[in-house]
>>> print(open('data.pdb').read())   # PDB, C-alpha atoms
ATOM      1  CA  MET M   1     -18.563 -15.502  -2.745
ATOM      2  CA  THR M   2     -17.632 -11.857  -2.325
ATOM      3  CA  ASP M   3     -21.094 -10.890  -1.061
ATOM      4  CA  TYR M   4     -24.691 -12.100  -1.161
ATOM      5  CA  ASP M   5     -28.111 -11.526   0.376
ATOM      6  CA  TYR M   6     -29.516 -15.043   0.038
ATOM      7  CA  GLU M   7     -30.812 -17.025   2.987
ATOM      8  CA  HIS M   8     -28.729 -20.032   1.982
ATOM      9  CA  LEU M   9     -26.300 -21.182  -0.696
ATOM     10  CA  ASP M  10     -27.475 -24.777  -1.003
ATOM     11  CA  GLU M  11     -27.750 -24.687  -4.787
ATOM     12  CA  ILE M  12     -24.188 -23.405  -5.148
ATOM     13  CA  HIS M  13     -22.785 -26.058  -2.837
ATOM     14  CA  ARG M  14     -24.770 -28.696  -4.710
ATOM     15  CA  VAL M  15     -23.116 -27.753  -7.997
ATOM     16  CA  LEU M  16     -19.556 -27.164  -6.768
ATOM     17  CA  GLU M  17     -18.948 -29.677  -3.991
ATOM     18  CA  PRO M  18     -18.723 -32.693  -6.358
ATOM     19  CA  LEU M  19     -15.799 -30.883  -8.027
ATOM     20  CA  GLY M  20     -13.922 -30.509  -4.746
ATOM     21  CA  VAL M  21     -14.292 -26.728  -4.756
ATOM     22  CA  GLU M  22     -13.585 -24.765  -1.599
ATOM     23  CA  LEU M  23     -16.307 -22.129  -1.445
ATOM     24  CA  SER M  24     -15.306 -19.181   0.727
ATOM     25  CA  GLU M  25     -18.310 -17.043   1.734
ATOM     26  CA  HIS M  26     -17.982 -13.352   2.625
ATOM     27  CA  GLN M  27     -19.878 -10.074   2.858
ATOM     28  CA  ALA M  28     -17.338  -7.666   1.412
ATOM     29  CA  THR M  29     -18.413  -4.090   0.712
ATOM     30  CA  THR M  30     -15.177  -2.381  -0.376
ATOM     31  CA  GLU M  31     -12.283  -2.959  -2.766
ATOM     32  CA  ALA M  32      -9.919  -3.604   0.134
ATOM     33  CA  GLU M  33     -12.221  -6.184   1.676
ATOM     34  CA  VAL M  34     -12.612  -8.057  -1.616
ATOM     35  CA  ILE M  35      -8.848  -8.130  -2.134
ATOM     36  CA  ASP M  36      -8.333  -9.368   1.413
ATOM     37  CA  VAL M  37     -10.867 -12.220   1.286
ATOM     38  CA  ALA M  38     -10.360 -13.307  -2.315
ATOM     39  CA  ARG M  39      -6.603 -13.826  -2.508
ATOM     40  CA  GLY M  40      -5.910 -17.112  -4.253
ATOM     41  CA  ALA M  41      -9.408 -17.377  -5.708
ATOM     42  CA  VAL M  42      -9.812 -18.830  -9.178
ATOM     43  CA  ALA M  43     -13.346 -17.427  -9.501
ATOM     44  CA  LEU M  44     -15.490 -14.767  -7.860
ATOM     45  CA  LEU M  45     -19.243 -15.010  -7.412
ATOM     46  CA  VAL M  46     -20.387 -11.403  -7.009
ATOM     47  CA  GLU M  47     -23.640  -9.681  -6.127
ATOM     48  CA  TYR M  48     -23.311  -5.979  -5.291
ATOM     49  CA  VAL M  49     -19.719  -5.138  -4.326
ATOM     50  CA  PRO M  50     -17.756  -3.239  -7.018
ATOM     51  CA  ILE M  51     -15.130  -5.347  -8.780
ATOM     52  CA  THR M  52     -12.726  -2.687 -10.025
ATOM     53  CA  GLU M  53      -9.422  -2.759 -11.842
ATOM     54  CA  ALA M  54      -7.658  -2.435  -8.479
ATOM     55  CA  VAL M  55      -9.404  -5.594  -7.284
ATOM     56  CA  ILE M  56      -8.804  -7.553 -10.472
ATOM     57  CA  GLY M  57      -5.153  -6.533 -10.698
ATOM     58  CA  ALA M  58      -4.508  -7.577  -7.100
ATOM     59  CA  LEU M  59      -5.888 -11.111  -7.469
ATOM     60  CA  ASP M  60      -3.246 -13.278  -9.080
ATOM     61  CA  GLY M  61      -4.680 -16.475 -10.491
ATOM     62  CA  LEU M  62      -8.201 -15.076 -10.926
ATOM     63  CA  ARG M  63      -9.776 -16.492 -14.084
ATOM     64  CA  LEU M  64     -13.518 -15.839 -13.806
ATOM     65  CA  ILE M  65     -15.982 -13.332 -12.364
ATOM     66  CA  VAL M  66     -19.664 -14.300 -12.321
ATOM     67  CA  ARG M  67     -22.231 -11.592 -11.556
ATOM     68  CA  PHE M  68     -25.464 -12.804  -9.946
ATOM     69  CA  GLY M  69     -28.019 -11.286 -12.328
ATOM     70  CA  VAL M  70     -28.514  -9.875 -15.785
ATOM     71  CA  GLY M  71     -26.718  -6.575 -15.180
ATOM     72  CA  TYR M  72     -22.986  -6.428 -14.568
ATOM     73  CA  ASP M  73     -22.349  -2.695 -14.235
ATOM     74  CA  ASN M  74     -20.539  -3.205 -10.903
ATOM     75  CA  VAL M  75     -17.810  -5.184 -12.697
ATOM     76  CA  ASP M  76     -15.085  -3.395 -14.685
ATOM     77  CA  VAL M  77     -15.340  -5.650 -17.733
ATOM     78  CA  ALA M  78     -12.693  -3.762 -19.695
ATOM     79  CA  ALA M  79     -10.195  -4.196 -16.849
ATOM     80  CA  ALA M  80     -11.064  -7.876 -16.548
ATOM     81  CA  THR M  81     -10.445  -8.325 -20.261
ATOM     82  CA  ARG M  82      -7.056  -6.602 -20.025
ATOM     83  CA  HIS M  83      -6.089  -8.966 -17.212
ATOM     84  CA  GLY M  84      -7.314 -12.044 -19.078
ATOM     85  CA  VAL M  85     -10.237 -12.658 -16.714
ATOM     86  CA  SER M  86     -13.562 -13.845 -18.108
ATOM     87  CA  VAL M  87     -16.781 -12.187 -16.929
ATOM     88  CA  CYS M  88     -20.175 -13.895 -17.032
ATOM     89  CA  ASN M  89     -23.652 -12.767 -16.111
ATOM     90  CA  VAL M  90     -26.851 -14.792 -15.730
ATOM     91  CA  PRO M  91     -29.151 -13.412 -18.433
ATOM     92  CA  ASP M  92     -31.596 -16.319 -18.522
ATOM     93  CA  PHE M  93     -33.009 -16.383 -15.018
ATOM     94  CA  GLY M  94     -36.283 -14.769 -14.038
ATOM     95  CA  SER M  95     -37.172 -13.396 -17.470
ATOM     96  CA  GLU M  96     -40.801 -14.459 -17.107
ATOM     97  CA  ASP M  97     -40.945 -13.077 -13.565
ATOM     98  CA  ILE M  98     -39.535  -9.704 -14.630
ATOM     99  CA  ALA M  99     -41.958  -9.586 -17.552
ATOM    100  CA  ASP M 100     -44.834 -10.350 -15.162
ATOM    101  CA  HIS M 101     -43.750  -7.464 -12.935
ATOM    102  CA  ALA M 102     -43.298  -5.122 -15.889
ATOM    103  CA  PHE M 103     -46.817  -5.854 -17.015
ATOM    104  CA  LEU M 104     -48.092  -5.527 -13.453
ATOM    105  CA  LEU M 105     -46.571  -2.036 -13.339
ATOM    106  CA  LEU M 106     -48.010  -1.240 -16.754
ATOM    107  CA  LEU M 107     -51.512  -2.271 -15.693
ATOM    108  CA  ALA M 108     -51.301  -0.524 -12.335
ATOM    109  CA  ALA M 109     -50.129   2.732 -13.891
ATOM    110  CA  ALA M 110     -52.560   2.622 -16.817
ATOM    111  CA  ARG M 111     -55.536   1.861 -14.560
ATOM    112  CA  LYS M 112     -54.285   4.225 -11.788
ATOM    113  CA  LEU M 113     -54.642   1.342  -9.366
ATOM    114  CA  VAL M 114     -52.644   2.639  -6.399
ATOM    115  CA  PRO M 115     -54.141   6.156  -6.124
ATOM    116  CA  MET M 116     -57.597   4.698  -6.764
ATOM    117  CA  ALA M 117     -57.217   2.118  -3.987
ATOM    118  CA  ASN M 118     -55.704   4.699  -1.627
ATOM    119  CA  SER M 119     -58.649   7.009  -2.291
ATOM    120  CA  VAL M 120     -61.089   4.312  -1.179
ATOM    121  CA  GLN M 121     -59.046   3.624   1.953
ATOM    122  CA  ALA M 122     -59.205   7.355   2.709
ATOM    123  CA  GLY M 123     -63.008   7.204   2.636
ATOM    124  CA  ARG M 124     -63.745   8.456  -0.873
ATOM    125  CA  TRP M 125     -65.716   6.629  -3.576
ATOM    126  CA  ASP M 126     -65.421   8.590  -6.784
ATOM    127  CA  VAL M 127     -63.922   7.228 -10.003
ATOM    128  CA  ASN M 128     -64.131  10.712 -11.493
ATOM    129  CA  GLU M 129     -60.989  11.630  -9.528
ATOM    130  CA  PHE M 130     -58.967   9.426 -11.853
ATOM    131  CA  LYS M 131     -60.136  10.422 -15.294
ATOM    132  CA  PRO M 132     -58.930   9.929 -17.952
ATOM    133  CA  ILE M 133     -58.190   6.201 -18.155
ATOM    134  CA  PHE M 134     -57.740   4.649 -21.589
ATOM    135  CA  ARG M 135     -58.423   1.125 -22.874
ATOM    136  CA  LEU M 136     -55.237  -0.943 -23.351
ATOM    137  CA  ARG M 137     -56.505  -2.930 -26.330
ATOM    138  CA  GLY M 138     -55.324  -1.178 -29.464
ATOM    139  CA  GLN M 139     -52.575   0.771 -27.716
ATOM    140  CA  THR M 140     -48.895   0.441 -28.609
ATOM    141  CA  VAL M 141     -46.207  -0.760 -26.238
ATOM    142  CA  GLY M 142     -42.674   0.224 -27.202
ATOM    143  CA  ILE M 143     -40.041  -2.176 -25.893
ATOM    144  CA  VAL M 144     -36.454  -0.964 -25.592
ATOM    145  CA  GLY M 145     -34.379  -4.147 -25.566
ATOM    146  CA  LEU M 146     -36.066  -7.159 -27.166
ATOM    147  CA  GLY M 147     -34.084  -9.869 -25.411
ATOM    148  CA  ARG M 148     -35.567 -12.631 -23.275
ATOM    149  CA  THR M 149     -37.482 -10.315 -20.963
ATOM    150  CA  GLY M 150     -38.474  -7.848 -23.666
ATOM    151  CA  SER M 151     -39.803 -10.711 -25.779
ATOM    152  CA  ALA M 152     -41.838 -11.949 -22.811
ATOM    153  CA  VAL M 153     -43.287  -8.440 -22.351
ATOM    154  CA  ALA M 154     -44.233  -8.417 -26.047
ATOM    155  CA  ALA M 155     -46.086 -11.730 -25.617
ATOM    156  CA  ARG M 156     -48.080 -10.313 -22.697
ATOM    157  CA  ALA M 157     -48.866  -7.163 -24.634
ATOM    158  CA  ARG M 158     -50.249  -9.185 -27.530
ATOM    159  CA  ALA M 159     -52.442 -11.147 -25.105
ATOM    160  CA  PHE M 160     -53.995  -7.826 -24.059
ATOM    161  CA  GLY M 161     -54.600  -6.812 -27.650
ATOM    162  CA  MET M 162     -51.740  -4.326 -27.725
ATOM    163  CA  ARG M 163     -49.376  -3.728 -30.638
ATOM    164  CA  ALA M 164     -45.672  -4.196 -29.880
ATOM    165  CA  VAL M 165     -42.882  -2.180 -31.451
ATOM    166  CA  ALA M 166     -39.276  -2.615 -30.385
ATOM    167  CA  TYR M 167     -35.848  -1.021 -30.537
ATOM    168  CA  HIS M 168     -33.006  -3.539 -30.499
ATOM    169  CA  PRO M 169     -30.031  -2.562 -32.673
ATOM    170  CA  ASN M 170     -28.262  -4.930 -35.039
ATOM    171  CA  ARG M 171     -31.009  -7.523 -35.337
ATOM    172  CA  PRO M 172     -32.506  -8.663 -38.667
ATOM    173  CA  PRO M 173     -36.228  -8.241 -39.442
ATOM    174  CA  GLU M 174     -36.936 -11.921 -38.815
ATOM    175  CA  TYR M 175     -35.684 -11.555 -35.226
ATOM    176  CA  PHE M 176     -38.527  -9.115 -34.527
ATOM    177  CA  ALA M 177     -41.087 -11.105 -36.514
ATOM    178  CA  GLU M 178     -40.375 -14.212 -34.456
ATOM    179  CA  ARG M 179     -41.139 -12.208 -31.310
ATOM    180  CA  GLY M 180     -44.265 -10.527 -32.602
ATOM    181  CA  ALA M 181     -42.845  -7.006 -32.628
ATOM    182  CA  THR M 182     -42.224  -4.396 -35.305
ATOM    183  CA  PRO M 183     -38.676  -2.951 -35.467
ATOM    184  CA  VAL M 184     -38.388   0.823 -35.115
ATOM    185  CA  GLU M 185     -35.694   3.345 -34.271
ATOM    186  CA  LEU M 186     -35.692   4.709 -30.728
ATOM    187  CA  ASP M 187     -37.085   8.149 -31.580
ATOM    188  CA  GLU M 188     -39.986   6.640 -33.521
ATOM    189  CA  LEU M 189     -40.706   4.272 -30.655
ATOM    190  CA  LEU M 190     -40.833   7.140 -28.181
ATOM    191  CA  ARG M 191     -43.121   9.216 -30.416
ATOM    192  CA  THR M 192     -45.613   6.433 -31.140
ATOM    193  CA  ALA M 193     -45.751   4.269 -27.985
ATOM    194  CA  ASP M 194     -48.488   4.641 -25.415
ATOM    195  CA  VAL M 195     -46.338   2.654 -22.990
ATOM    196  CA  VAL M 196     -42.516   2.554 -23.157
ATOM    197  CA  SER M 197     -41.076  -0.534 -21.426
ATOM    198  CA  LEU M 198     -37.329  -0.535 -20.773
ATOM    199  CA  GLN M 199     -35.661  -3.965 -20.886
ATOM    200  CA  ALA M 200     -32.134  -3.030 -22.000
ATOM    201  CA  THR M 201     -28.818  -3.758 -20.294
ATOM    202  CA  LEU M 202     -27.050  -0.842 -18.600
ATOM    203  CA  ASN M 203     -23.725  -0.039 -20.250
ATOM    204  CA  PRO M 204     -21.935   3.149 -21.371
ATOM    205  CA  GLN M 205     -24.132   3.310 -24.489
ATOM    206  CA  THR M 206     -27.430   2.971 -22.607
ATOM    207  CA  ARG M 207     -26.681   5.109 -19.532
ATOM    208  CA  HIS M 208     -29.221   7.970 -19.576
ATOM    209  CA  LEU M 209     -30.559   6.628 -22.861
ATOM    210  CA  ILE M 210     -33.842   8.186 -21.762
ATOM    211  CA  GLY M 211     -33.175  11.806 -20.859
ATOM    212  CA  GLU M 212     -34.807  15.192 -21.254
ATOM    213  CA  ARG M 213     -34.792  15.085 -25.068
ATOM    214  CA  GLU M 214     -36.208  11.549 -25.239
ATOM    215  CA  LEU M 215     -38.907  12.249 -22.653
ATOM    216  CA  GLY M 216     -39.857  15.274 -24.733
ATOM    217  CA  LEU M 217     -40.586  12.985 -27.674
ATOM    218  CA  MET M 218     -43.125  10.912 -25.748
ATOM    219  CA  LYS M 219     -46.873  11.473 -25.853
ATOM    220  CA  PRO M 220     -48.332  13.475 -22.949
ATOM    221  CA  THR M 221     -50.573  10.460 -22.286
ATOM    222  CA  ALA M 222     -47.667   7.973 -22.301
ATOM    223  CA  ILE M 223     -46.376   5.850 -19.417
ATOM    224  CA  LEU M 224     -42.735   4.865 -18.864
ATOM    225  CA  VAL M 225     -42.078   1.436 -17.298
ATOM    226  CA  ASN M 226     -38.568   0.460 -16.176
ATOM    227  CA  THR M 227     -37.720  -2.989 -14.807
ATOM    228  CA  ALA M 228     -34.189  -3.004 -16.259
ATOM    229  CA  ARG M 229     -31.653  -0.633 -14.639
ATOM    230  CA  GLY M 230     -32.223   2.761 -13.081
ATOM    231  CA  GLY M 231     -29.249   4.326 -14.846
ATOM    232  CA  ILE M 232     -30.906   3.921 -18.236
ATOM    233  CA  VAL M 233     -33.130   6.863 -17.262
ATOM    234  CA  ASP M 234     -32.031  10.331 -16.192
ATOM    235  CA  GLY M 235     -34.012  10.376 -12.942
ATOM    236  CA  ALA M 236     -33.943  14.152 -12.516
ATOM    237  CA  ALA M 237     -35.253  14.668 -16.042
ATOM    238  CA  LEU M 238     -37.980  12.085 -15.449
ATOM    239  CA  ALA M 239     -39.064  13.782 -12.222
ATOM    240  CA  ARG M 240     -39.375  17.099 -14.057
ATOM    241  CA  ALA M 241     -41.354  15.506 -16.878
ATOM    242  CA  LEU M 242     -43.762  13.949 -14.394
ATOM    243  CA  ARG M 243     -44.185  17.104 -12.320
ATOM    244  CA  GLU M 244     -44.840  19.202 -15.424
ATOM    245  CA  GLY M 245     -47.234  16.686 -17.004
ATOM    246  CA  GLN M 246     -44.937  16.132 -19.969
ATOM    247  CA  ILE M 247     -45.798  12.418 -19.721
ATOM    248  CA  ALA M 248     -48.713  10.877 -17.866
ATOM    249  CA  GLY M 249     -46.861   8.562 -15.524
ATOM    250  CA  ALA M 250     -43.975   6.271 -14.689
ATOM    251  CA  ALA M 251     -43.881   2.835 -13.076
ATOM    252  CA  LEU M 252     -40.402   1.864 -11.914
ATOM    253  CA  ASP M 253     -38.794  -1.109 -10.237
ATOM    254  CA  VAL M 254     -35.338   0.493 -10.432
ATOM    255  CA  VAL M 255     -33.896   3.958  -9.834
ATOM    256  CA  GLU M 256     -30.444   5.480 -10.276
ATOM    257  CA  ARG M 257     -29.594   5.439  -6.563
ATOM    258  CA  GLU M 258     -30.444   2.261  -4.696
ATOM    259  CA  PRO M 259     -31.574   1.895  -1.954
ATOM    260  CA  ILE M 260     -33.675   4.916  -2.842
ATOM    261  CA  PRO M 261     -32.658   7.991  -0.747
ATOM    262  CA  ARG M 262     -35.212  10.187   0.937
ATOM    263  CA  ASP M 263     -34.213  13.147  -1.255
ATOM    264  CA  GLU M 264     -35.019  11.244  -4.473
ATOM    265  CA  PRO M 265     -37.071  13.701  -6.589
ATOM    266  CA  LEU M 266     -39.283  10.883  -7.872
ATOM    267  CA  LEU M 267     -40.653  10.252  -4.386
ATOM    268  CA  GLY M 268     -43.948  11.893  -3.536
ATOM    269  CA  LEU M 269     -45.139  12.174  -7.126
ATOM    270  CA  GLU M 270     -48.658  10.782  -7.437
ATOM    271  CA  ASN M 271     -48.057   9.761 -11.052
ATOM    272  CA  CYS M 272     -44.909   7.752 -10.215
ATOM    273  CA  LEU M 273     -45.226   4.182  -8.910
ATOM    274  CA  ILE M 274     -42.001   2.665  -7.508
ATOM    275  CA  THR M 275     -41.273  -0.862  -6.267
ATOM    276  CA  PRO M 276     -37.970  -1.859  -4.564
ATOM    277  CA  HIS M 277     -36.041  -3.658  -7.344
ATOM    278  CA  GLY M 278     -38.073  -6.792  -6.812
ATOM    279  CA  ALA M 279     -39.195  -7.632 -10.349
ATOM    280  CA  TYR M 280     -36.774 -10.543 -10.586
ATOM    281  CA  TYR M 281     -37.905 -12.166  -7.357
ATOM    282  CA  THR M 282     -39.721 -15.453  -7.060
ATOM    283  CA  GLU M 283     -38.451 -18.409  -5.089
ATOM    284  CA  GLU M 284     -37.931 -20.229  -8.368
ATOM    285  CA  SER M 285     -35.952 -17.416 -10.010
ATOM    286  CA  VAL M 286     -33.558 -17.100  -7.058
ATOM    287  CA  ARG M 287     -32.996 -20.846  -7.106
ATOM    288  CA  ASP M 288     -32.204 -20.699 -10.812
ATOM    289  CA  LEU M 289     -29.922 -17.689 -10.388
ATOM    290  CA  LYS M 290     -27.704 -19.391  -7.832
ATOM    291  CA  THR M 291     -27.618 -22.632  -9.803
ATOM    292  CA  PHE M 292     -26.786 -21.010 -13.152
ATOM    293  CA  ALA M 293     -24.053 -18.841 -11.621
ATOM    294  CA  ALA M 294     -22.401 -21.815  -9.955
ATOM    295  CA  GLU M 295     -22.595 -23.812 -13.180
ATOM    296  CA  GLU M 296     -20.419 -21.216 -14.923
ATOM    297  CA  VAL M 297     -17.690 -21.855 -12.324
ATOM    298  CA  ALA M 298     -18.122 -25.590 -12.863
ATOM    299  CA  ARG M 299     -17.668 -25.141 -16.613
ATOM    300  CA  LEU M 300     -14.443 -23.216 -16.051
ATOM    301  CA  LEU M 301     -13.044 -25.912 -13.780
ATOM    302  CA  ARG M 302     -14.005 -28.692 -16.191
ATOM    303  CA  GLY M 303     -12.363 -26.846 -19.087
ATOM    304  CA  GLU M 304     -15.669 -26.320 -20.896
ATOM    305  CA  SER M 305     -16.840 -23.260 -22.803
ATOM    306  CA  LEU M 306     -18.581 -20.662 -20.680
ATOM    307  CA  ARG M 307     -22.289 -20.294 -21.390
ATOM    308  CA  ASN M 308     -22.784 -16.556 -20.903
ATOM    309  CA  PRO M 309     -19.482 -14.649 -21.247
ATOM    310  CA  VAL M 310     -19.814 -10.893 -21.656
ATOM    311  CA  ASN M 311     -16.202 -10.393 -22.760
ATOM    312  CA  ARG M 312     -13.847 -12.189 -25.098
ATOM    313  CA  ILE M 313     -10.500 -13.404 -23.834
ATOM    314  CA  THR M 314      -7.988 -14.062 -26.616
TER
END
>>> encode(input="data.pdb", output="structure tokens")
Amino acid sequence: MTDYDYEHLDEIHRVLEPLGVELSEHQATTEAEVIDVARGAVALLVEYVPITEAVIGALDGLRLIVRFGVGYDNVDVAAATRHGVSVCNVPDFGSEDIADHAFLLLLAAARKLVPMANSVQAGRWDVNEFKPIFRLRGQTVGIVGLGRTGSAVAARARAFGMRAVAYHPNRPPEYFAERGATPVELDELLRTADVVSLQATLNPQTRHLIGERELGLMKPTAILVNTARGGIVDGAALARALREGQIAGAALDVVEREPIPRDEPLLGLENCLITPHGAYYTEESVRDLKTFAAEEVARLLRGESLRNPVNRIT
């Protein structure tokens, strides 16, 4: 364990102890610290610390890196592949919880919940302050990334009478039909959606996927929801679009710089709702995350196929 912010690791011990695994627990924050504490390790369980080529190259005998979570942008996957080290993520934990939070953000932004509630607390009682608000039924939600979480967002949208369109490259039409969404290209999605919900993985192809040009395609009444990764959106461009009324609002659980700095241009904007990267969190999802991550190590040690590899070792 290179680093973690969990109260306990009971689930991990429960999976690995029957295999006679020595689990070494640390709170490394730098390359040098990881190299120092992980010498001799067969596998790394990683949360936030960067796992760079320098780290991977220094750890003889390393065979597996498991990232706690869906994203794995703090792991140099290309370097791991060159060194013959498998990398896994945990894509199937908390999908329903993240979808719940995405829809919570959607509802709060669409109904202007936070400024409305704050207005009452400040002693005002006037719904006219918050006009216009539009009915969700009949609106279109555009989902960027129709994986597990994106599919769960589509199901919630349908329950509210919304139409779902989705951008997810290299999937056949039946993939979308099974999930109740209509396939569209990204530009069409941005032009037609009343709400754009980002559920994609952050990688070199998706970094700043939503920038100044893409925001310019969106309706002035549209809302951007991001519960995926902050780097998918150019934060400076989004702040400008919100300040200038280019889009109606944003509801974000993630930003480019986390923890969010005080000079973040998105702070202080009344039409921008931000929560602290907590969409994934329920007690059940954290339990599953630790268990599923440890099970990948167990598969490696038993000589079984890995369940969620993100690279291919030949």
>>> closest_residue(input="data.pdb", among="M:Gly61, M:Gly142, M:Gly268, M:Pro91", to="Val225 (chain M)", atoms="only C-alpha atoms")
M:Gly142
>>> resolve_selection(input="data.pdb", expression="the PyMOL selection byres ((chain M and resi 107-122) around 9)", output="ChimeraX atom specification")
/M:102-106,123-127,129-130,133-136,195,223,225,249-251,270-273
>>> residues_around(input="data.pdb", residues="Glu264 (chain M)", least_positions_apart="2", cutoff="10 Å", atoms="all atoms listed in the file", output="ChimeraX atom specification")
/M:235-236,239,255-257,260-262,266-268
>>> closest_residue(input="data.pdb", among="M:Val184, M:Ala177, M:Ala154, M:Ile143", to="Asn226 (chain M)", atoms="all atoms listed in the file")
M:Ile143
>>> resolve_selection(input="data.pdb", expression="the PyMOL selection byres ((chain M and resi 75) around 12)", output="ChimeraX atom specification")
/M:31,44-56,64-69,71-74,76-81,85-89,202-203,310-311
>>> residues_near_point(input="data.pdb", point="(-8.6, -17.4, -11.0)", cutoff="6 Å", atoms="only C-alpha atoms", output="PDB file with C-alpha atoms, keeping the file's coordinate frame")
ATOM      1  CA  ALA M  41      -9.408 -17.377  -5.708  1.00  0.00           C
ATOM      2  CA  VAL M  42      -9.812 -18.830  -9.178  1.00  0.00           C
ATOM      3  CA  ALA M  43     -13.346 -17.427  -9.501  1.00  0.00           C
ATOM      4  CA  GLY M  61      -4.680 -16.475 -10.491  1.00  0.00           C
ATOM      5  CA  LEU M  62      -8.201 -15.076 -10.926  1.00  0.00           C
ATOM      6  CA  ARG M  63      -9.776 -16.492 -14.084  1.00  0.00           C
ATOM      7  CA  LEU M  64     -13.518 -15.839 -13.806  1.00  0.00           C
TER       8      LEU M  64
END
>>> axis_aligned_box(input="data.pdb", around="region 62-76 of chain M", padding_each_side="6 Å", output="lines of an AutoDock Vina configuration file")
center_x = -18.4
center_y = -9.6
center_z = -12.9
size_x = 32.3
size_y = 25.8
size_z = 17.8
>>> resolve_selection(input="data.pdb", expression="the PyMOL selection byres ((chain M and resi 241) around 12)", output="PyMOL selection string")
chain M and resi 210-224+233-240+242-250+265-266+269+271-272
>>> residues_around(input="data.pdb", residues="Leu209 (chain M)", least_positions_apart="2", cutoff="6 Å", atoms="only C-alpha atoms", output="PDB file with C-alpha atoms, in the frame of the given file")
ATOM      1  CA  THR M 206     -27.430   2.971 -22.607  1.00  0.00           C
ATOM      2  CA  ARG M 207     -26.681   5.109 -19.532  1.00  0.00           C
ATOM      3  CA  ILE M 232     -30.906   3.921 -18.236  1.00  0.00           C
TER       4      ILE M 232
END
>>> atom_distance(input="data.pdb", atom1="CA of Tyr4 (chain M)", atom2="CA of Phe292 (chain M)")
15.1 Å
